[in-house]
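Participant: Sharing structure-v5.cif below, mmCIF, C-alpha atoms:
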data_input
#
loop_
_atom_site.group_PDB
_atom_site.id
_atom_site.type_symbol
_atom_site.label_atom_id
_atom_site.label_comp_id
_atom_site.auth_asym_id
_atom_site.auth_seq_id
_atom_site.Cartn_x
_atom_site.Cartn_y
_atom_site.Cartn_z
ATOM 1 C CA MET A 182 -34.873 -10.796 87.854
ATOM 2 C CA PRO A 183 -37.017 -7.834 86.711
ATOM 3 C CA ALA A 184 -38.535 -5.985 89.647
ATOM 4 C CA SER A 185 -42.051 -6.384 88.215
ATOM 5 C CA TRP A 186 -41.728 -10.156 88.675
ATOM 6 C CA GLU A 187 -40.981 -9.820 92.363
ATOM 7 C CA PRO A 188 -43.715 -7.867 94.163
ATOM 8 C CA SER A 189 -43.008 -7.463 97.861
ATOM 9 C CA CYS A 190 -45.525 -10.080 98.951
ATOM 10 C CA TRP A 191 -44.279 -12.603 96.401
ATOM 11 C CA ARG A 192 -40.795 -12.405 97.961
ATOM 12 C CA VAL A 193 -41.939 -14.663 100.767
ATOM 13 C CA TRP A 194 -41.713 -17.493 98.215
ATOM 14 C CA LEU A 195 -38.172 -16.484 97.333
ATOM 15 C CA GLY A 196 -36.959 -16.751 100.911
ATOM 16 C CA SER A 197 -36.380 -13.008 101.259
ATOM 17 C CA ASP A 198 -38.575 -12.652 104.349
ATOM 18 C CA GLY A 199 -35.647 -13.038 106.707
ATOM 19 C CA CYS A 200 -35.970 -16.827 107.160
ATOM 20 C CA SER A 201 -32.410 -18.040 107.116
ATOM 21 C CA ASP A 202 -33.498 -21.590 106.247
ATOM 22 C CA GLY A 203 -35.445 -20.453 103.183
ATOM 23 C CA ARG A 204 -38.881 -21.364 104.535
ATOM 24 C CA TYR A 205 -41.751 -18.925 104.238
ATOM 25 C CA SER A 206 -43.573 -17.253 107.120
ATOM 26 C CA ILE A 207 -46.761 -15.511 106.054
ATOM 27 C CA SER A 208 -47.435 -13.940 109.437
ATOM 28 C CA ARG A 209 -44.028 -12.313 109.611
ATOM 29 C CA THR A 210 -44.296 -10.713 106.168
ATOM 30 C CA GLY A 211 -47.798 -9.353 106.630
ATOM 31 C CA CYS A 212 -48.709 -10.635 103.184
ATOM 32 C CA LEU A 213 -51.648 -12.846 104.144
ATOM 33 C CA PRO A 214 -54.123 -9.922 104.199
ATOM 34 C CA ARG A 215 -53.039 -9.003 100.680
ATOM 35 C CA TYR A 216 -53.431 -12.590 99.457
ATOM 36 C CA LYS A 217 -56.895 -12.671 101.011
ATOM 37 C CA ALA A 218 -57.859 -9.354 99.439
ATOM 38 C CA PHE A 219 -56.732 -10.601 96.026
ATOM 39 C CA TRP A 220 -58.799 -13.771 96.332
ATOM 40 C CA GLU A 221 -61.822 -11.906 97.614
ATOM 41 C CA LEU A 222 -61.721 -9.948 94.362
ATOM 42 C CA GLN A 223 -61.689 -13.201 92.372
ATOM 43 C CA LEU A 224 -64.619 -14.613 94.324
ATOM 44 C CA HIS A 225 -66.548 -11.327 94.225
ATOM 45 C CA PRO A 226 -65.997 -10.040 90.669
ATOM 46 C CA TRP A 227 -67.241 -6.660 89.617
ATOM 47 C CA LYS A 228 -70.957 -6.927 88.872
ATOM 48 C CA ARG A 229 -71.742 -5.416 85.492
ATOM 49 C CA ARG A 230 -75.351 -4.249 85.332
ATOM 50 C CA LEU A 231 -77.549 -4.693 82.268
ATOM 51 C CA SER A 232 -77.695 -1.580 80.124
ATOM 52 C CA HIS A 233 -79.280 -2.600 76.813
ATOM 53 C CA GLY A 234 -82.430 -4.452 77.825
ATOM 54 C CA ASP A 235 -84.857 -2.119 76.086
ATOM 55 C CA GLU A 236 -82.807 -2.118 72.894
ATOM 56 C CA ALA A 237 -82.607 -5.912 72.918
ATOM 57 C CA ALA A 238 -86.367 -6.236 73.428
ATOM 58 C CA THR A 239 -87.087 -3.847 70.551
ATOM 59 C CA PHE A 240 -84.670 -5.686 68.243
ATOM 60 C CA VAL A 241 -86.144 -9.104 69.066
ATOM 61 C CA ARG A 242 -89.716 -7.986 68.501
ATOM 62 C CA ALA A 243 -88.920 -6.229 65.216
ATOM 63 C CA ARG A 244 -86.753 -8.965 63.717
ATOM 64 C CA TYR A 245 -88.269 -12.158 65.094
ATOM 65 C CA GLY A 246 -91.843 -11.180 65.882
ATOM 66 C CA THR A 247 -91.638 -12.367 69.443
ATOM 67 C CA ALA A 248 -90.906 -11.130 72.954
ATOM 68 C CA LEU A 249 -87.682 -10.995 74.905
ATOM 69 C CA GLU A 250 -88.780 -12.875 78.016
ATOM 70 C CA ASN A 251 -87.328 -12.259 81.466
ATOM 71 C CA VAL A 252 -87.206 -15.634 83.182
ATOM 72 C CA GLU A 253 -85.793 -16.939 86.447
ATOM 73 C CA ILE A 254 -85.154 -20.124 88.398
ATOM 74 C CA THR A 255 -84.032 -20.881 91.935
ATOM 75 C CA ALA A 256 -80.631 -22.448 92.557
ATOM 76 C CA ARG A 257 -79.994 -25.260 94.997
ATOM 77 C CA ASP A 258 -78.790 -22.808 97.643
ATOM 78 C CA GLY A 259 -81.900 -20.632 97.240
ATOM 79 C CA ILE A 260 -80.498 -17.766 95.183
ATOM 80 C CA VAL A 261 -82.472 -16.487 92.203
ATOM 81 C CA LEU A 262 -80.875 -16.841 88.778
ATOM 82 C CA LYS A 263 -82.144 -14.607 85.973
ATOM 83 C CA ALA A 264 -81.995 -14.805 82.204
ATOM 84 C CA TRP A 265 -83.407 -13.702 78.865
ATOM 85 C CA TYR A 266 -85.221 -16.233 76.736
ATOM 86 C CA VAL A 267 -86.192 -15.844 73.067
ATOM 87 C CA ARG A 268 -88.003 -18.339 70.859
ATOM 88 C CA PRO A 269 -88.409 -17.014 67.290
ATOM 89 C CA HIS A 270 -91.641 -17.373 65.333
ATOM 90 C CA ASN A 271 -89.957 -19.943 63.037
ATOM 91 C CA ALA A 272 -88.749 -22.028 65.990
ATOM 92 C CA ASN A 273 -87.226 -25.415 65.219
ATOM 93 C CA GLY A 274 -87.739 -26.706 68.766
ATOM 94 C CA ARG A 275 -84.050 -26.595 69.641
ATOM 95 C CA GLU A 276 -82.458 -24.220 72.128
ATOM 96 C CA VAL A 277 -78.971 -22.801 72.771
ATOM 97 C CA LEU A 278 -77.907 -22.044 76.342
ATOM 98 C CA MET A 279 -75.402 -19.182 76.057
ATOM 99 C CA LEU A 280 -72.922 -18.426 78.854
ATOM 100 C CA HIS A 281 -70.825 -15.284 79.343
ATOM 101 C CA GLY A 282 -67.373 -14.607 80.792
ATOM 102 C CA VAL A 283 -66.239 -13.396 84.205
ATOM 103 C CA ALA A 284 -67.269 -9.889 85.364
ATOM 104 C CA ASP A 285 -69.703 -9.710 82.451
ATOM 105 C CA ASN A 286 -73.401 -10.475 82.027
ATOM 106 C CA ARG A 287 -75.817 -11.954 79.485
ATOM 107 C CA GLU A 288 -75.301 -8.957 77.196
ATOM 108 C CA GLY A 289 -71.716 -10.118 76.685
ATOM 109 C CA VAL A 290 -72.878 -13.099 74.608
ATOM 110 C CA ALA A 291 -76.087 -11.573 73.219
ATOM 111 C CA GLY A 292 -74.218 -10.577 70.071
ATOM 112 C CA PHE A 293 -73.853 -14.275 69.213
ATOM 113 C CA ALA A 294 -77.606 -14.917 69.414
ATOM 114 C CA ALA A 295 -78.764 -13.630 66.006
ATOM 115 C CA PRO A 296 -77.270 -16.422 63.826
ATOM 116 C CA PHE A 297 -79.015 -18.995 66.033
ATOM 117 C CA LEU A 298 -82.340 -17.138 66.062
ATOM 118 C CA ASP A 299 -82.173 -16.624 62.288
ATOM 119 C CA ARG A 300 -82.141 -20.412 61.893
ATOM 120 C CA GLY A 301 -84.976 -21.097 64.310
ATOM 121 C CA TYR A 302 -83.042 -21.901 67.474
ATOM 122 C CA GLY A 303 -84.371 -20.508 70.727
ATOM 123 C CA VAL A 304 -81.764 -18.893 72.970
ATOM 124 C CA LEU A 305 -81.458 -18.712 76.744
ATOM 125 C CA LEU A 306 -78.980 -16.152 78.087
ATOM 126 C CA PRO A 307 -78.537 -16.414 81.872
ATOM 127 C CA ASP A 308 -76.535 -14.191 84.137
ATOM 128 C CA SER A 309 -74.160 -16.459 86.019
ATOM 129 C CA ARG A 310 -74.429 -16.384 89.811
ATOM 130 C CA ALA A 311 -72.873 -13.219 91.287
ATOM 131 C CA HIS A 312 -73.133 -11.589 87.853
ATOM 132 C CA GLY A 313 -75.641 -9.261 86.228
ATOM 133 C CA GLU A 314 -79.095 -9.544 87.787
ATOM 134 C CA SER A 315 -78.593 -13.021 89.246
ATOM 135 C CA GLY A 316 -78.227 -13.456 92.983
ATOM 136 C CA GLY A 317 -75.360 -14.946 94.910
ATOM 137 C CA ALA A 318 -72.377 -13.384 96.598
ATOM 138 C CA LEU A 319 -69.709 -15.712 95.230
ATOM 139 C CA ALA A 320 -68.491 -16.674 91.778
ATOM 140 C CA THR A 321 -67.274 -20.262 92.143
ATOM 141 C CA TYR A 322 -66.054 -20.906 88.563
ATOM 142 C CA GLY A 323 -67.965 -24.137 88.145
ATOM 143 C CA LEU A 324 -68.267 -25.600 91.635
ATOM 144 C CA ARG A 325 -71.815 -24.299 92.145
ATOM 145 C CA GLU A 326 -72.518 -23.089 88.626
ATOM 146 C CA SER A 327 -72.576 -26.683 87.339
ATOM 147 C CA ASP A 328 -75.818 -27.353 89.164
ATOM 148 C CA ASP A 329 -77.156 -23.939 88.102
ATOM 149 C CA ILE A 330 -76.618 -24.926 84.466
ATOM 150 C CA HIS A 331 -78.230 -28.308 85.079
ATOM 151 C CA ARG A 332 -81.312 -26.503 86.379
ATOM 152 C CA TRP A 333 -81.437 -24.208 83.357
ATOM 153 C CA VAL A 334 -81.251 -27.214 81.032
ATOM 154 C CA ASP A 335 -83.989 -28.890 83.030
ATOM 155 C CA TRP A 336 -86.085 -25.707 82.694
ATOM 156 C CA LEU A 337 -85.697 -25.763 78.918
ATOM 157 C CA TYR A 338 -86.690 -29.408 78.609
ATOM 158 C CA THR A 339 -89.617 -29.206 81.028
ATOM 159 C CA SER A 340 -90.973 -25.654 80.763
ATOM 160 C CA ARG A 341 -90.260 -25.088 77.068
ATOM 161 C CA GLN A 342 -90.457 -28.716 75.875
ATOM 162 C CA SER A 343 -87.217 -28.349 73.973
ATOM 163 C CA LYS A 344 -86.325 -31.136 71.565
ATOM 164 C CA CYS A 345 -82.622 -30.552 71.992
ATOM 165 C CA VAL A 346 -80.497 -28.233 74.146
ATOM 166 C CA TYR A 347 -77.039 -27.064 73.077
ATOM 167 C CA GLY A 348 -74.375 -25.339 75.151
ATOM 168 C CA PHE A 349 -72.397 -22.315 73.970
ATOM 169 C CA GLY A 350 -69.861 -20.576 76.203
ATOM 170 C CA GLU A 351 -67.167 -17.939 75.993
ATOM 171 C CA SER A 352 -64.128 -17.853 78.341
ATOM 172 C CA MET A 353 -65.427 -18.529 81.869
ATOM 173 C CA GLY A 354 -68.756 -19.470 80.308
ATOM 174 C CA ALA A 355 -66.959 -22.042 78.155
ATOM 175 C CA ALA A 356 -65.336 -23.576 81.227
ATOM 176 C CA LEU A 357 -68.659 -23.545 83.097
ATOM 177 C CA VAL A 358 -70.574 -25.396 80.403
ATOM 178 C CA LEU A 359 -67.844 -28.042 80.266
ATOM 179 C CA ASP A 360 -67.728 -28.284 84.062
ATOM 180 C CA SER A 361 -71.485 -28.812 84.104
ATOM 181 C CA LEU A 362 -71.084 -32.153 82.334
ATOM 182 C CA THR A 363 -70.530 -33.670 85.769
ATOM 183 C CA ALA A 364 -74.152 -32.811 86.585
ATOM 184 C CA GLU A 365 -75.834 -32.545 83.187
ATOM 185 C CA GLY A 366 -75.721 -35.144 80.438
ATOM 186 C CA ARG A 367 -78.556 -33.993 78.190
ATOM 187 C CA PHE A 368 -76.738 -31.520 75.976
ATOM 188 C CA CYS A 369 -76.978 -32.559 72.342
ATOM 189 C CA ALA A 370 -73.654 -30.818 71.685
ATOM 190 C CA ILE A 371 -71.467 -28.019 73.046
ATOM 191 C CA VAL A 372 -69.337 -25.251 71.567
ATOM 192 C CA ALA A 373 -66.799 -23.788 74.014
ATOM 193 C CA GLU A 374 -64.422 -20.958 73.112
ATOM 194 C CA SER A 375 -61.321 -20.239 75.204
ATOM 195 C CA PRO A 376 -62.061 -22.428 78.263
ATOM 196 C CA PHE A 377 -59.604 -23.218 81.045
ATOM 197 C CA SER A 378 -58.755 -26.849 81.745
ATOM 198 C CA SER A 379 -58.565 -26.562 85.535
ATOM 199 C CA PHE A 380 -58.923 -23.730 87.998
ATOM 200 C CA ARG A 381 -55.564 -24.449 89.614
ATOM 201 C CA SER A 382 -53.705 -24.392 86.319
ATOM 202 C CA VAL A 383 -55.238 -21.152 85.081
ATOM 203 C CA GLY A 384 -54.717 -19.668 88.550
ATOM 204 C CA TYR A 385 -50.954 -20.088 88.275
ATOM 205 C CA GLU A 386 -50.955 -18.530 84.822
ATOM 206 C CA ARG A 387 -53.134 -15.615 85.879
ATOM 207 C CA ALA A 388 -50.813 -14.880 88.807
ATOM 208 C CA ALA A 389 -47.994 -14.431 86.299
ATOM 209 C CA TRP A 390 -50.213 -12.500 83.874
ATOM 210 C CA TYR A 391 -51.176 -9.955 86.538
ATOM 211 C CA VAL A 392 -47.530 -9.009 87.061
ATOM 212 C CA ARG A 393 -46.616 -9.286 83.360
ATOM 213 C CA ALA A 394 -44.314 -12.233 83.876
ATOM 214 C CA PRO A 395 -43.806 -15.417 81.833
ATOM 215 C CA THR A 396 -46.081 -18.361 82.610
ATOM 216 C CA TRP A 397 -43.378 -20.354 84.380
ATOM 217 C CA VAL A 398 -43.163 -17.623 87.023
ATOM 218 C CA GLY A 399 -46.740 -18.344 88.072
ATOM 219 C CA ARG A 400 -45.995 -22.024 88.585
ATOM 220 C CA THR A 401 -42.819 -21.374 90.575
ATOM 221 C CA LEU A 402 -42.094 -17.983 92.095
ATOM 222 C CA LEU A 403 -45.762 -16.973 92.394
ATOM 223 C CA ARG A 404 -47.089 -20.367 93.371
ATOM 224 C CA LEU A 405 -47.556 -19.455 97.016
ATOM 225 C CA PRO A 406 -50.296 -16.810 96.659
ATOM 226 C CA VAL A 407 -52.317 -19.208 94.505
ATOM 227 C CA GLU A 408 -51.980 -22.019 97.046
ATOM 228 C CA VAL A 409 -52.795 -19.697 99.948
ATOM 229 C CA GLY A 410 -55.816 -18.379 98.070
ATOM 230 C CA MET A 411 -57.184 -21.830 97.320
ATOM 231 C CA ASP A 412 -56.755 -22.831 100.956
ATOM 232 C CA TYR A 413 -58.448 -19.598 102.015
ATOM 233 C CA ALA A 414 -61.437 -20.267 99.731
ATOM 234 C CA LYS A 415 -61.763 -23.781 101.116
ATOM 235 C CA LEU A 416 -61.459 -22.717 104.749
ATOM 236 C CA HIS A 417 -63.733 -19.670 104.647
ATOM 237 C CA TYR A 418 -66.254 -20.585 101.945
ATOM 238 C CA GLY A 419 -66.091 -24.363 101.645
ATOM 239 C CA LEU A 420 -64.948 -24.103 98.018
ATOM 240 C CA ASP A 421 -62.560 -26.867 97.002
ATOM 241 C CA PHE A 422 -61.087 -25.649 93.734
ATOM 242 C CA ASP A 423 -59.100 -28.855 93.386
ATOM 243 C CA ASN A 424 -62.422 -30.301 92.201
ATOM 244 C CA ASP A 425 -62.836 -27.617 89.532
ATOM 245 C CA SER A 426 -61.601 -29.234 86.326
ATOM 246 C CA PRO A 427 -63.449 -28.916 83.013
ATOM 247 C CA ALA A 428 -60.894 -31.310 81.539
ATOM 248 C CA ASP A 429 -61.873 -34.048 83.990
ATOM 249 C CA ALA A 430 -65.573 -33.382 83.349
ATOM 250 C CA VAL A 431 -65.060 -33.788 79.598
ATOM 251 C CA GLY A 432 -63.082 -36.971 80.166
ATOM 252 C CA HIS A 433 -66.099 -38.586 81.841
ATOM 253 C CA SER A 434 -68.653 -37.372 79.289
ATOM 254 C CA SER A 435 -69.804 -38.542 75.872
ATOM 255 C CA THR A 436 -71.260 -35.173 74.828
ATOM 256 C CA PRO A 437 -69.939 -33.970 71.440
ATOM 257 C CA ILE A 438 -67.797 -30.861 71.998
ATOM 258 C CA LEU A 439 -66.299 -28.338 69.609
ATOM 259 C CA LEU A 440 -63.477 -26.405 71.252
ATOM 260 C CA ILE A 441 -62.376 -23.109 69.714
ATOM 261 C CA HIS A 442 -59.248 -21.296 70.857
ATOM 262 C CA GLY A 443 -57.252 -18.392 69.490
ATOM 263 C CA ALA A 444 -53.643 -19.340 68.835
ATOM 264 C CA GLU A 445 -52.565 -15.921 70.148
ATOM 265 C CA ASP A 446 -54.681 -16.030 73.325
ATOM 266 C CA ILE A 447 -52.586 -14.813 76.284
ATOM 267 C CA ASN A 448 -55.549 -14.585 78.670
ATOM 268 C CA ILE A 449 -56.252 -18.322 78.738
ATOM 269 C CA LEU A 450 -53.488 -20.073 76.841
ATOM 270 C CA PRO A 451 -54.326 -22.468 73.971
ATOM 271 C CA HIS A 452 -52.812 -25.442 75.769
ATOM 272 C CA HIS A 453 -55.904 -25.522 77.991
ATOM 273 C CA SER A 454 -58.108 -26.503 75.053
ATOM 274 C CA GLU A 455 -55.432 -28.878 73.808
ATOM 275 C CA LEU A 456 -55.415 -30.638 77.161
ATOM 276 C CA ILE A 457 -59.232 -30.831 77.235
ATOM 277 C CA ALA A 458 -59.339 -32.228 73.700
ATOM 278 C CA ALA A 459 -56.816 -34.897 74.615
ATOM 279 C CA GLN A 460 -59.148 -36.217 77.321
ATOM 280 C CA SER A 461 -61.691 -37.535 74.811
ATOM 281 C CA PRO A 462 -60.463 -37.335 71.218
ATOM 282 C CA SER A 463 -63.361 -39.521 70.069
ATOM 283 C CA HIS A 464 -65.983 -36.856 70.727
ATOM 284 C CA VAL A 465 -64.017 -33.590 71.072
ATOM 285 C CA THR A 466 -62.848 -31.516 68.114
ATOM 286 C CA LEU A 467 -60.445 -28.598 68.519
ATOM 287 C CA TRP A 468 -60.215 -25.668 66.125
ATOM 288 C CA GLU A 469 -57.195 -23.527 66.965
ATOM 289 C CA VAL A 470 -57.492 -20.231 65.109
ATOM 290 C CA PRO A 471 -54.268 -18.634 63.798
ATOM 291 C CA GLY A 472 -53.900 -14.990 64.776
ATOM 292 C CA ALA A 473 -56.953 -14.946 67.050
ATOM 293 C CA THR A 474 -56.705 -13.623 70.597
ATOM 294 C CA HIS A 475 -58.954 -14.369 73.580
ATOM 295 C CA CYS A 476 -62.462 -15.227 72.324
ATOM 296 C CA GLY A 477 -61.458 -13.674 69.027
ATOM 297 C CA ALA A 478 -62.251 -16.417 66.512
ATOM 298 C CA SER A 479 -65.516 -14.825 65.375
ATOM 299 C CA SER A 480 -63.691 -11.559 64.677
ATOM 300 C CA MET A 481 -60.689 -13.135 62.986
ATOM 301 C CA GLN A 482 -62.595 -15.614 60.799
ATOM 302 C CA PRO A 483 -66.318 -14.849 61.114
ATOM 303 C CA GLU A 484 -67.550 -16.896 58.165
ATOM 304 C CA MET A 485 -65.606 -19.998 59.153
ATOM 305 C CA PHE A 486 -66.577 -19.514 62.803
ATOM 306 C CA TRP A 487 -70.296 -19.613 62.070
ATOM 307 C CA ASN A 488 -69.971 -22.354 59.489
ATOM 308 C CA LYS A 489 -68.265 -24.554 62.054
ATOM 309 C CA VAL A 490 -70.551 -23.693 64.979
ATOM 310 C CA LEU A 491 -73.802 -24.165 63.068
ATOM 311 C CA ALA A 492 -72.586 -27.306 61.325
ATOM 312 C CA TRP A 493 -71.578 -28.758 64.688
ATOM 313 C CA PHE A 494 -75.019 -28.249 66.151
ATOM 314 C CA ASN A 495 -76.771 -29.407 62.968
ATOM 315 C CA SER A 496 -74.757 -32.628 62.928
ATOM 316 C CA HIS A 497 -75.867 -33.529 66.467
ATOM 317 C CA PRO A 498 -79.678 -33.346 66.440
ATOM 318 C CA GLU A 499 -80.233 -35.754 69.320
ATOM 319 C CA ARG A 500 -79.306 -35.945 72.988
ATOM 320 C CA SER A 501 -76.344 -37.858 74.298
ATOM 321 C CA SER A 502 -77.313 -41.251 75.673
ATOM 322 C CA ARG A 503 -75.965 -40.318 79.098
ATOM 323 C CA LYS A 504 -78.666 -38.881 81.344
ATOM 324 C CA ALA A 505 -78.152 -36.242 84.008
ATOM 325 C CA ALA A 506 -78.594 -37.065 87.633
ATOM 326 C CA ILE A 507 -81.652 -35.094 88.646
ATOM 327 C CA SER A 508 -81.189 -33.545 92.061
#
How would this structure read if it were set down as structure tokens?

Facilitator:
Amino acid sequence: MPASWEPSCWRVWLGSDGCSDGRYSISRTGCLPRYKAFWELQLHPWKRRLSHGDEAATFVRARYGTALENVEITARDGIVLKAWYVRPHNANGREVLMLHGVADNREGVAGFAAPFLDRGYGVLLPDSRAHGESGGALATYGLRESDDIHRWVDWLYTSRQSKCVYGFGESMGAALVLDSLTAEGRFCAIVAESPFSSFRSVGYERAAWYVRAPTWVGRTLLRLPVEVGMDYAKLHYGLDFDNDSPADAVGHSSTPILLIHGAEDINILPHHSELIAAQSPSHVTLWEVPGATHCGASSMQPEMFWNKVLAWFNSHPERSSRKAAIS
């Protein structure tokens, strides 16, 4: 086995900690602090600050004759969530809620806003909790963000009298908008690029990815640090990641969903979108893009990307019949 597949703390899983019966003993290896440190990094991702606010405001005013609004709401746990909101002068009354990836901020998806604004859609670009200018100490990958998204959708329908709200997410943002379907049923349609199907599944794969090993290594030899980390998050923060499954959320929803995934994505593998699509083939469409890497469909096939995204939203001009449970 290549040495890079067998970091010292992973060897506990291989029985090389001195346990003659092959069982693991975290305390005797001293690896638990390293597992905890790794998971603390996942729960407290690097917070990228906004750096192009003035440029964005100038662009919006010049091109769309309107202001880039700084807006905020309060989450269920009291933290303040912040966002940009733009409604162009030729507004059609419909809005797109745009969600960014992990360790990023609203600027990470701002580049997708222009095609929507050009066609009269308003756009809302929040910073996810523990990201950008939003409050919160923990990123919970959907467990708490689902209600945050529900509150943003509620804000659009009540404060901006939106006719229809659409969801658009990239990577973690794609998973979050799908996860939110457990709390929010008023999306007219969703486009999600490169989502994960469940936190546990992508956790195993990421464990292998971090040490440049094949995927099967994460589900076998590196399984222990993932399990320890999930138990740690549950014990210390009350976060049960076994309940974090965008695939399950989609399976219980009737919201029309367009999934987009690069066939060459090694960050979040294409089978995640395939699994999600299989949950509800009647209302989920999957476009797997040859040659595209993680969130790379718009770069690989830009014309087809926007044709598909805009056509998807245009073909679903009304809300799903399922209503959200207002908390």

Participant: Starting from the point (-73.9, -26.9, 86.6), work out which residues of protein, DNA or RNA have an atom no more than 12 Å away when counting all atoms listed in the file; state them as number ranges by chain.

Facilitator: A: 256-257, 280, 309-310, 321-335, 348, 354-368, 425, 427, 430, 505-508

Participant: Would you put the residues from that selection into a file with C-alpha atoms, as a JSON list (two decimals), keeping the file's coordinate frame?

Facilitator:
[["chain", "number", "residue", "atom", "x", "y", "z"],
["A", 256, "ALA", "CA", -80.63, -22.45, 92.56],
["A", 257, "ARG", "CA", -79.99, -25.26, 95.00],
["A", 280, "LEU", "CA", -72.92, -18.43, 78.85],
["A", 309, "SER", "CA", -74.16, -16.46, 86.02],
["A", 310, "ARG", "CA", -74.43, -16.38, 89.81],
["A", 321, "THR", "CA", -67.27, -20.26, 92.14],
["A", 322, "TYR", "CA", -66.05, -20.91, 88.56],
["A", 323, "GLY", "CA", -67.96, -24.14, 88.14],
["A", 324, "LEU", "CA", -68.27, -25.60, 91.64],
["A", 325, "ARG", "CA", -71.82, -24.30, 92.14],
["A", 326, "GLU", "CA", -72.52, -23.09, 88.63],
["A", 327, "SER", "CA", -72.58, -26.68, 87.34],
["A", 328, "ASP", "CA", -75.82, -27.35, 89.16],
["A", 329, "ASP", "CA", -77.16, -23.94, 88.10],
["A", 330, "ILE", "CA", -76.62, -24.93, 84.47],
["A", 331, "HIS", "CA", -78.23, -28.31, 85.08],
["A", 332, "ARG", "CA", -81.31, -26.50, 86.38],
["A", 333, "TRP", "CA", -81.44, -24.21, 83.36],
["A", 334, "VAL", "CA", -81.25, -27.21, 81.03],
["A", 335, "ASP", "CA", -83.99, -28.89, 83.03],
["A", 348, "GLY", "CA", -74.38, -25.34, 75.15],
["A", 354, "GLY", "CA", -68.76, -19.47, 80.31],
["A", 355, "ALA", "CA", -66.96, -22.04, 78.16],
["A", 356, "ALA", "CA", -65.34, -23.58, 81.23],
["A", 357, "LEU", "CA", -68.66, -23.54, 83.10],
["A", 358, "VAL", "CA", -70.57, -25.40, 80.40],
["A", 359, "LEU", "CA", -67.84, -28.04, 80.27],
["A", 360, "ASP", "CA", -67.73, -28.28, 84.06],
["A", 361, "SER", "CA", -71.48, -28.81, 84.10],
["A", 362, "LEU", "CA", -71.08, -32.15, 82.33],
["A", 363, "THR", "CA", -70.53, -33.67, 85.77],
["A", 364, "ALA", "CA", -74.15, -32.81, 86.58],
["A", 365, "GLU", "CA", -75.83, -32.54, 83.19],
["A", 366, "GLY", "CA", -75.72, -35.14, 80.44],
["A", 367, "ARG", "CA", -78.56, -33.99, 78.19],
["A", 368, "PHE", "CA", -76.74, -31.52, 75.98],
["A", 425, "ASP", "CA", -62.84, -27.62, 89.53],
["A", 427, "PRO", "CA", -63.45, -28.92, 83.01],
["A", 430, "ALA", "CA", -65.57, -33.38, 83.35],
["A", 505, "ALA", "CA", -78.15, -36.24, 84.01],
["A", 506, "ALA", "CA", -78.59, -37.06, 87.63],
["A", 507, "ILE", "CA", -81.65, -35.09, 88.65],
["A", 508, "SER", "CA", -81.19, -33.54, 92.06]]

Participant: For A:Ala238, which residue out of A:Val409, A:Ala291, A:Ile254, A:Val431 is the nearest one, using only C-alpha atoms?

Facilitator: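 The closest residue to A:Ala238 is A:Ala291.
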
Participant: Evaluate the PyMOL selection byres ((chain A and resi 474-476) around 8) against this structure - the residues, as an MDAnalysis selection string, please.

Facilitator: chainID A and resid 351:352 374:375 442:449 472:473 477:479

Participant: Can you work out the spacing between atom CA of A:Gly399 and atom CA of A:Arg387 in Å, to one decimal?

Facilitator: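 Between atom CA of A:Gly399 and atom CA of A:Arg387 the gap works out to 7.3 Å.
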
Participant: Restricting the calculation to only C-alpha atoms, which member of A:Asn488, A:Ser378, A:Ser434, A:Ser315 is positioned closest to A:Pro462?

Facilitator: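 Of A:Asn488, A:Ser378, A:Ser434, A:Ser315, the one nearest A:Pro462, counting only C-alpha atoms, is A:Ser434.
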
Participant: Given only C-alpha atoms, how would the per-residue table for stretch 330-389 of chain A near stretch 271-274 of chain A read, listing every residue at most 10 Å away with its closest atom pair and distance in Å to one decimal, sorted by chain and number, as a Markdown table?

Facilitator:
| residue | atom | partner | partner_atom | distance |
| --- | --- | --- | --- | --- |
| A:Arg341 | CA | A:Gly274 | CA | 8.8 |
| A:Gln342 | CA | A:Gly274 | CA | 7.9 |
| A:Ser343 | CA | A:Gly274 | CA | 5.5 |
| A:Lys344 | CA | A:Gly274 | CA | 5.4 |
| A:Cys345 | CA | A:Gly274 | CA | 7.2 |
| A:Val346 | CA | A:Gly274 | CA | 9.2 |

Participant: Dig up all the protein and nucleic acid residues within 10 Å of (-80.7, -18.0, 64.4) in the file frame, using all atoms listed in the file, and format them as a CSV table (one decimal) with C-alpha atoms, in the frame of the given file.

Facilitator:
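File produced: part_26.csv:
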chain,number,residue,atom,x,y,z
A,245,TYR,CA,-88.3,-12.2,65.1
A,268,ARG,CA,-88.0,-18.3,70.9
A,269,PRO,CA,-88.4,-17.0,67.3
A,271,ASN,CA,-90.0,-19.9,63.0
A,272,ALA,CA,-88.7,-22.0,66.0
A,273,ASN,CA,-87.2,-25.4,65.2
A,277,VAL,CA,-79.0,-22.8,72.8
A,293,PHE,CA,-73.9,-14.3,69.2
A,294,ALA,CA,-77.6,-14.9,69.4
A,295,ALA,CA,-78.8,-13.6,66.0
A,296,PRO,CA,-77.3,-16.4,63.8
A,297,PHE,CA,-79.0,-19.0,66.0
A,298,LEU,CA,-82.3,-17.1,66.1
A,299,ASP,CA,-82.2,-16.6,62.3
A,300,ARG,CA,-82.1,-20.4,61.9
A,301,GLY,CA,-85.0,-21.1,64.3
A,302,TYR,CA,-83.0,-21.9,67.5
A,303,GLY,CA,-84.4,-20.5,70.7
A,304,VAL,CA,-81.8,-18.9,73.0
A,491,LEU,CA,-73.8,-24.2,63.1

Participant: Looking at A:Pro214, A:Gly259, A:Gly313, A:Gly246, which one is nearest to A:Gly234, with distances taken over only C-alpha atoms?

Facilitator: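 Under the stated criterion, the closest residue is A:Gly313.
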